[in-house]
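Novice: Below is the file query_22.tsv, which contains TSV, C-alpha atoms.
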chain	number	residue	atom	x	y	z
A	1	MET	CA	-23.75	-0.10	11.04
A	2	ALA	CA	-22.76	2.52	8.50
A	3	THR	CA	-24.49	3.94	5.44
A	4	THR	CA	-23.11	4.86	2.05
A	5	ALA	CA	-22.85	8.46	3.28
A	6	ASP	CA	-20.17	7.28	5.75
A	7	PHE	CA	-17.94	5.74	3.05
A	8	ARG	CA	-14.31	6.90	3.00
A	9	ASN	CA	-11.10	5.55	1.48
A	10	GLY	CA	-9.49	2.93	3.72
A	11	MET	CA	-12.75	2.03	5.48
A	12	CYS	CA	-13.16	-1.71	6.15
A	13	ILE	CA	-16.62	-3.21	5.56
A	14	GLU	CA	-18.23	-6.64	5.64
A	15	TYR	CA	-19.78	-7.46	2.29
A	16	ASN	CA	-21.05	-10.88	1.15
A	17	GLY	CA	-19.54	-12.49	4.25
A	18	GLN	CA	-16.01	-11.20	3.55
A	19	LEU	CA	-13.93	-8.20	4.60
A	20	PHE	CA	-13.19	-5.47	2.06
A	21	PHE	CA	-11.29	-2.19	2.17
A	22	ILE	CA	-12.79	0.71	0.22
A	23	VAL	CA	-10.10	1.74	-2.26
A	24	GLN	CA	-12.17	4.34	-4.10
A	25	PHE	CA	-15.75	5.58	-4.02
A	26	GLN	CA	-17.88	8.10	-5.90
A	27	HIS	CA	-21.36	9.40	-5.06
A	28	VAL	CA	-23.44	9.68	-8.25
A	29	LYS	CA	-26.72	11.60	-8.56
A	30	PRO	CA	-28.05	11.08	-12.07
A	31	GLY	CA	-30.67	13.39	-13.58
A	32	LYS	CA	-33.21	10.58	-13.57
A	33	GLY	CA	-33.47	7.83	-11.02
A	34	ALA	CA	-32.10	7.32	-7.53
A	35	ALA	CA	-28.62	8.26	-6.33
A	36	PHE	CA	-25.99	5.54	-5.93
A	37	VAL	CA	-22.39	5.05	-4.85
A	38	ARG	CA	-19.85	3.47	-7.22
A	39	THR	CA	-16.99	1.77	-5.32
A	40	LYS	CA	-13.79	-0.20	-5.78
A	41	LEU	CA	-13.36	-2.74	-3.00
A	42	LYS	CA	-10.20	-4.71	-2.17
A	43	ASN	CA	-10.79	-8.16	-0.72
A	44	VAL	CA	-8.69	-8.57	2.43
A	45	SER	CA	-8.12	-12.31	2.06
A	46	THR	CA	-7.44	-12.52	-1.70
A	47	GLY	CA	-6.19	-9.00	-2.51
A	48	LYS	CA	-8.49	-8.89	-5.55
A	49	VAL	CA	-10.10	-5.53	-6.35
A	50	ILE	CA	-13.74	-5.58	-7.43
A	51	GLU	CA	-16.12	-2.85	-8.52
A	52	ASN	CA	-19.52	-2.62	-6.88
A	53	THR	CA	-22.45	-0.21	-6.90
A	54	PHE	CA	-24.48	0.49	-3.75
A	55	ASN	CA	-27.82	2.30	-3.73
A	56	ALA	CA	-27.63	5.54	-1.72
A	57	GLY	CA	-28.52	5.05	1.94
A	58	VAL	CA	-27.88	1.30	2.02
A	59	LYS	CA	-26.59	0.09	5.39
A	60	VAL	CA	-23.40	-1.98	5.59
A	61	ASN	CA	-21.52	-3.53	8.49
A	62	GLU	CA	-18.35	-1.61	9.25
A	63	ALA	CA	-15.56	-3.87	10.50
A	64	ARG	CA	-13.59	-2.46	13.41
A	65	VAL	CA	-9.91	-2.19	12.54
A	66	GLU	CA	-6.95	-0.83	14.46
A	67	ARG	CA	-3.82	0.62	12.88
A	68	ARG	CA	-0.66	0.05	14.91
A	69	PRO	CA	2.92	1.17	14.24
A	70	HIS	CA	5.41	-1.64	13.65
A	71	GLN	CA	9.04	-1.93	12.60
A	72	PHE	CA	10.17	-4.45	9.97
A	73	LEU	CA	12.86	-6.75	11.39
A	74	TYR	CA	13.68	-9.57	8.96
A	75	LYS	CA	12.33	-12.21	6.57
A	76	ASP	CA	12.70	-15.97	6.95
A	77	ASP	CA	10.80	-19.12	5.94
A	78	MET	CA	7.98	-18.31	8.42
A	79	GLY	CA	7.27	-14.97	6.74
A	80	TYR	CA	8.06	-11.34	7.42
A	81	HIS	CA	8.71	-10.44	11.04
A	82	PHE	CA	7.57	-7.13	12.50
A	83	MET	CA	7.94	-5.65	15.99
A	84	ASN	CA	5.12	-3.68	17.59
A	85	ALA	CA	6.55	-0.23	18.37
A	86	GLU	CA	4.52	0.06	21.59
A	87	THR	CA	4.67	-3.43	23.15
A	88	PHE	CA	7.88	-4.71	21.44
A	89	GLU	CA	6.04	-7.94	20.61
A	90	GLN	CA	7.25	-9.70	17.44
A	91	VAL	CA	4.62	-10.72	14.88
A	92	PRO	CA	5.22	-12.91	11.80
A	93	ILE	CA	3.09	-11.83	8.82
A	94	GLU	CA	2.69	-13.75	5.57
A	95	GLU	CA	3.75	-12.16	2.29
A	96	GLY	CA	0.23	-12.02	0.88
A	97	LEU	CA	-0.79	-9.33	3.39
A	98	ILE	CA	2.00	-6.96	2.30
A	99	ASP	CA	1.41	-4.96	-0.88
A	100	ASN	CA	4.99	-4.16	-1.86
A	101	THR	CA	7.59	-6.47	-0.31
A	102	SER	CA	10.31	-5.40	-2.75
A	103	LEU	CA	10.57	-2.03	-0.97
A	104	LEU	CA	10.71	-3.40	2.59
A	105	ASN	CA	13.99	-2.54	4.29
A	106	GLU	CA	15.18	-3.65	7.74
A	107	GLY	CA	14.24	-1.09	10.37
A	108	MET	CA	11.48	0.48	8.22
A	109	GLU	CA	8.50	1.90	10.11
A	110	VAL	CA	5.19	0.53	8.76
A	111	GLU	CA	1.55	0.43	9.81
A	112	VAL	CA	-0.11	-2.94	10.44
A	113	VAL	CA	-3.90	-3.04	10.24
A	114	TYR	CA	-5.54	-5.48	12.69
A	115	HIS	CA	-9.12	-6.74	12.88
A	116	ALA	CA	-10.12	-5.38	16.30
A	117	ASP	CA	-12.34	-8.32	17.27
A	118	THR	CA	-10.09	-11.23	16.28
A	119	GLU	CA	-6.67	-9.50	16.65
A	120	THR	CA	-5.55	-10.92	13.30
A	121	PRO	CA	-3.38	-8.81	10.97
A	122	LEU	CA	-5.24	-7.83	7.81
A	123	MET	CA	-2.63	-5.87	5.87
A	124	VAL	CA	0.64	-3.96	6.10
A	125	ASN	CA	0.82	-0.36	4.87
A	126	LEU	CA	4.22	0.97	3.87
A	127	PRO	CA	4.95	4.70	4.13
A	128	THR	CA	3.71	6.67	1.11
A	129	ASN	CA	7.25	7.55	-0.01
A	130	VAL	CA	10.60	5.94	0.83
A	131	VAL	CA	14.16	7.03	0.07
A	132	PHE	CA	16.72	4.53	-1.25
A	133	GLU	CA	20.17	4.71	-2.82
A	134	VAL	CA	20.59	3.55	-6.41
A	135	THR	CA	23.04	0.62	-6.37
A	136	TYR	CA	23.18	0.14	-10.15
A	137	THR	CA	21.95	1.85	-13.28
A	138	GLU	CA	23.32	2.29	-16.77
A	139	PRO	CA	24.87	5.72	-17.28
A	140	GLY	CA	22.70	8.13	-19.26
A	141	VAL	CA	24.47	9.35	-22.38
A	142	ARG	CA	23.86	12.92	-23.54
A	143	GLY	CA	21.83	12.99	-26.73
A	144	ASP	CA	20.46	9.50	-26.08
A	145	THR	CA	16.88	10.62	-26.46
A	146	SER	CA	14.68	13.06	-28.23
A	147	SER	CA	11.99	12.86	-25.53
A	148	THR	CA	12.20	14.51	-22.11
A	149	ASN	CA	10.28	11.69	-20.42
A	150	SER	CA	12.68	8.83	-21.19
A	151	LEU	CA	13.26	6.35	-18.38
A	152	LYS	CA	15.83	3.66	-17.65
A	153	PRO	CA	15.84	0.81	-15.08
A	154	ALA	CA	17.68	1.31	-11.79
A	155	THR	CA	18.26	-1.13	-8.92
A	156	VAL	CA	17.97	0.21	-5.34
A	157	THR	CA	19.45	-1.18	-2.09
A	158	THR	CA	16.55	-3.60	-1.51
A	159	GLY	CA	16.98	-5.14	-4.96
A	160	ALA	CA	13.81	-3.58	-6.39
A	161	GLN	CA	13.95	-2.27	-9.95
A	162	ILE	CA	12.55	1.22	-10.49
A	163	MET	CA	12.22	3.17	-13.74
A	164	VAL	CA	14.10	6.48	-13.33
A	165	PRO	CA	14.95	9.47	-15.57
A	166	LEU	CA	18.21	9.39	-17.56
A	167	PHE	CA	20.01	11.89	-15.28
A	168	ILE	CA	19.95	9.49	-12.26
A	169	ASN	CA	23.32	7.78	-11.64
A	170	THR	CA	24.61	5.01	-9.38
A	171	GLY	CA	24.97	6.34	-5.83
A	172	ASP	CA	22.13	8.90	-6.10
A	173	LYS	CA	19.37	8.82	-3.49
A	174	ILE	CA	15.85	8.78	-4.90
A	175	LYS	CA	12.36	9.04	-3.43
A	176	ILE	CA	9.98	6.24	-4.50
A	177	ASN	CA	6.18	6.11	-4.29
A	178	THR	CA	5.37	2.74	-2.63
A	179	SER	CA	1.88	2.40	-4.09
A	180	ASP	CA	3.11	1.94	-7.67
A	181	ASN	CA	6.95	1.69	-7.43
A	182	SER	CA	7.34	4.94	-9.31
A	183	TYR	CA	10.16	7.49	-9.16
A	184	VAL	CA	9.18	10.74	-7.40
A	185	GLU	CA	12.34	12.85	-7.17
A	186	ARG	CA	16.07	12.86	-6.53
A	187	VAL	CA	17.02	13.53	-2.89
A	188	LYS	CA	20.09	15.61	-2.04
As structure tokens, please, write out the structure in this file.

Specialist:
Amino acid sequence: MATTADFRNGMCIEYNGQLFFIVQFQHVKPGKGAAFVRTKLKNVSTGKVIENTFNAGVKVNEARVERRPHQFLYKDDMGYHFMNAETFEQVPIEEGLIDNTSLLNEGMEVEVVYHADTETPLMVNLPTNVVFEVTYTEPGVRGDTSSTNSLKPATVTTGAQIMVPLFINTGDKIKINTSDNSYVERVK
């Protein structure tokens, strides 16, 4: 059992008979009334994010989860196949458990979250940032824009489309944030 004081991002709890990951939480102590905790919870089975408010001190069941390193191997009609980096066991995982499949590349190191009691995979976490080469983008023409924050679409080696600044060209390596598919910086 855990209380609202134990809440942290990434914590897995049982709520209304289902498993949820805490995406975001905020302790609130208003001038009048009792303190409470405002949360955003991501449903493990559906992927839907809900907002919920817990009274301060409420007890919740914390689900035991284990995070294990895996390597992405390939995709076929059975799903996405990963290899456990410690036991070398291959595990097929369905697409719904992976947040950003467009940035998965063969050989990529990821983290698979397992429910400790049932040994079922709950979700796949990609690294925070990944580096890919731009395979195609329109050339940026000098004087094309009056704004410094203009973006253009670029395709990377996995086929994902990312919005990048005008100075990025085909063949450049760029760092991408996997949580929102956003451009971070150009890599030398």

Novice: Mind pulling up the distance from atom CA of A:Gly47 to atom CA of A:Gln90?

Specialist: 24.1 Å

Novice: Measuring between all atoms listed in the file, which one of A:Asn181, A:Gly140, A:Ala2, A:Met108 shows the shortest distance to A:Phe72?

Specialist: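 Of A:Asn181, A:Gly140, A:Ala2, A:Met108, the one nearest A:Phe72 is A:Met108, counting all atoms listed in the file.
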
Novice: Please identify all polymer residues lying at most 9 Å from the point (-15.2, 6.3, -4.2) (file coordinates), using only C-alpha atoms, and present the result as a PDB file with C-alpha atoms, in the coordinates of the input.

Specialist:
ATOM      1  CA  PHE A   7     -17.940   5.740   3.050  1.00  0.00           C
ATOM      2  CA  ARG A   8     -14.310   6.900   3.000  1.00  0.00           C
ATOM      3  CA  ASN A   9     -11.100   5.550   1.480  1.00  0.00           C
ATOM      4  CA  ILE A  22     -12.790   0.710   0.220  1.00  0.00           C
ATOM      5  CA  VAL A  23     -10.100   1.740  -2.260  1.00  0.00           C
ATOM      6  CA  GLN A  24     -12.170   4.340  -4.100  1.00  0.00           C
ATOM      7  CA  PHE A  25     -15.750   5.580  -4.020  1.00  0.00           C
ATOM      8  CA  GLN A  26     -17.880   8.100  -5.900  1.00  0.00           C
ATOM      9  CA  HIS A  27     -21.360   9.400  -5.060  1.00  0.00           C
ATOM     10  CA  VAL A  37     -22.390   5.050  -4.850  1.00  0.00           C
ATOM     11  CA  ARG A  38     -19.850   3.470  -7.220  1.00  0.00           C
ATOM     12  CA  THR A  39     -16.990   1.770  -5.320  1.00  0.00           C
ATOM     13  CA  LYS A  40     -13.790  -0.200  -5.780  1.00  0.00           C
TER      14      LYS A  40
END

Novice: Mind checking which residues fall within 9 Å of A:Tyr80, counting all atoms listed in the file, ignoring those fewer than 4 positions away in the same chain, and posting them as a ChimeraX atom specification?

Specialist: /A:72-76,91-95

Novice: Closest to A:Val164 among A:Glu14, A:Glu138, A:Glu119, A:Asp77, using all atoms listed in the file?

Specialist: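 Counting all atoms listed in the file, the residue closest to A:Val164 is A:Glu138.
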
Novice: Would you mind putting back N, CA, C and O atoms on stretch 68-88 of chain A, then writing it out as a compact mmCIF listing (two decimals), in the coordinates of the input?

Specialist:
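part23.txt written:
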# COMPACT_ATOMS: atom_id res chain seq x y z
N ARG A 68 -1.73 -0.02 13.91
CA ARG A 68 -0.66 0.05 14.91
C ARG A 68 0.70 0.18 14.24
O ARG A 68 0.97 -0.49 13.24
N PRO A 69 1.58 1.02 14.82
CA PRO A 69 2.92 1.17 14.24
C PRO A 69 3.79 -0.05 14.54
O PRO A 69 3.80 -0.57 15.65
N HIS A 70 4.50 -0.51 13.52
CA HIS A 70 5.41 -1.64 13.65
C HIS A 70 6.72 -1.31 12.93
O HIS A 70 6.76 -0.41 12.09
N GLN A 71 7.74 -2.08 13.25
CA GLN A 71 9.04 -1.93 12.60
C GLN A 71 9.38 -3.27 11.94
O GLN A 71 9.25 -4.32 12.57
N PHE A 72 9.80 -3.22 10.67
CA PHE A 72 10.17 -4.45 9.97
C PHE A 72 11.53 -4.92 10.48
O PHE A 72 12.49 -4.15 10.52
N LEU A 73 11.62 -6.20 10.86
CA LEU A 73 12.86 -6.75 11.39
C LEU A 73 13.61 -7.58 10.36
O LEU A 73 14.72 -7.26 9.99
N TYR A 74 13.00 -8.68 9.90
CA TYR A 74 13.68 -9.57 8.96
C TYR A 74 12.66 -10.49 8.30
O TYR A 74 11.51 -10.56 8.70
N LYS A 75 13.15 -11.23 7.28
CA LYS A 75 12.33 -12.21 6.57
C LYS A 75 12.99 -13.57 6.69
O LYS A 75 14.21 -13.69 6.56
N ASP A 76 12.19 -14.59 6.97
CA ASP A 76 12.70 -15.97 6.95
C ASP A 76 11.61 -16.87 6.37
O ASP A 76 10.65 -16.38 5.78
N ASP A 77 11.75 -18.19 6.54
CA ASP A 77 10.80 -19.12 5.94
C ASP A 77 9.41 -19.06 6.59
O ASP A 77 8.44 -19.55 6.03
N MET A 78 9.28 -18.45 7.76
CA MET A 78 7.98 -18.31 8.42
C MET A 78 7.23 -17.07 7.95
O MET A 78 6.07 -16.88 8.26
N GLY A 79 7.91 -16.19 7.23
CA GLY A 79 7.27 -14.97 6.74
C GLY A 79 8.09 -13.74 7.07
O GLY A 79 9.30 -13.82 7.32
N TYR A 80 7.42 -12.62 7.10
CA TYR A 80 8.06 -11.34 7.42
C TYR A 80 7.80 -11.03 8.88
O TYR A 80 6.65 -11.12 9.34
N HIS A 81 8.84 -10.67 9.61
CA HIS A 81 8.71 -10.44 11.04
C HIS A 81 8.73 -8.95 11.35
O HIS A 81 9.62 -8.22 10.90
N PHE A 82 7.72 -8.52 12.11
CA PHE A 82 7.57 -7.13 12.50
C PHE A 82 7.53 -7.03 14.01
O PHE A 82 7.11 -7.96 14.69
N MET A 83 7.99 -5.88 14.55
CA MET A 83 7.94 -5.65 15.99
C MET A 83 6.98 -4.49 16.26
O MET A 83 7.09 -3.43 15.64
N ASN A 84 6.04 -4.73 17.18
CA ASN A 84 5.12 -3.68 17.59
C ASN A 84 5.92 -2.58 18.28
O ASN A 84 6.67 -2.85 19.21
N ALA A 85 5.76 -1.34 17.83
CA ALA A 85 6.55 -0.23 18.37
C ALA A 85 6.15 0.14 19.79
O ALA A 85 6.92 0.78 20.51
N GLU A 86 4.97 -0.28 20.24
CA GLU A 86 4.52 0.06 21.59
C GLU A 86 4.78 -1.05 22.60
O GLU A 86 5.21 -0.80 23.71
N THR A 87 4.54 -2.31 22.22
CA THR A 87 4.67 -3.43 23.15
C THR A 87 5.95 -4.24 22.93
O THR A 87 6.26 -5.11 23.74
N PHE A 88 6.66 -3.98 21.82
CA PHE A 88 7.88 -4.71 21.44
C PHE A 88 7.64 -6.19 21.18
O PHE A 88 8.56 -6.99 21.19
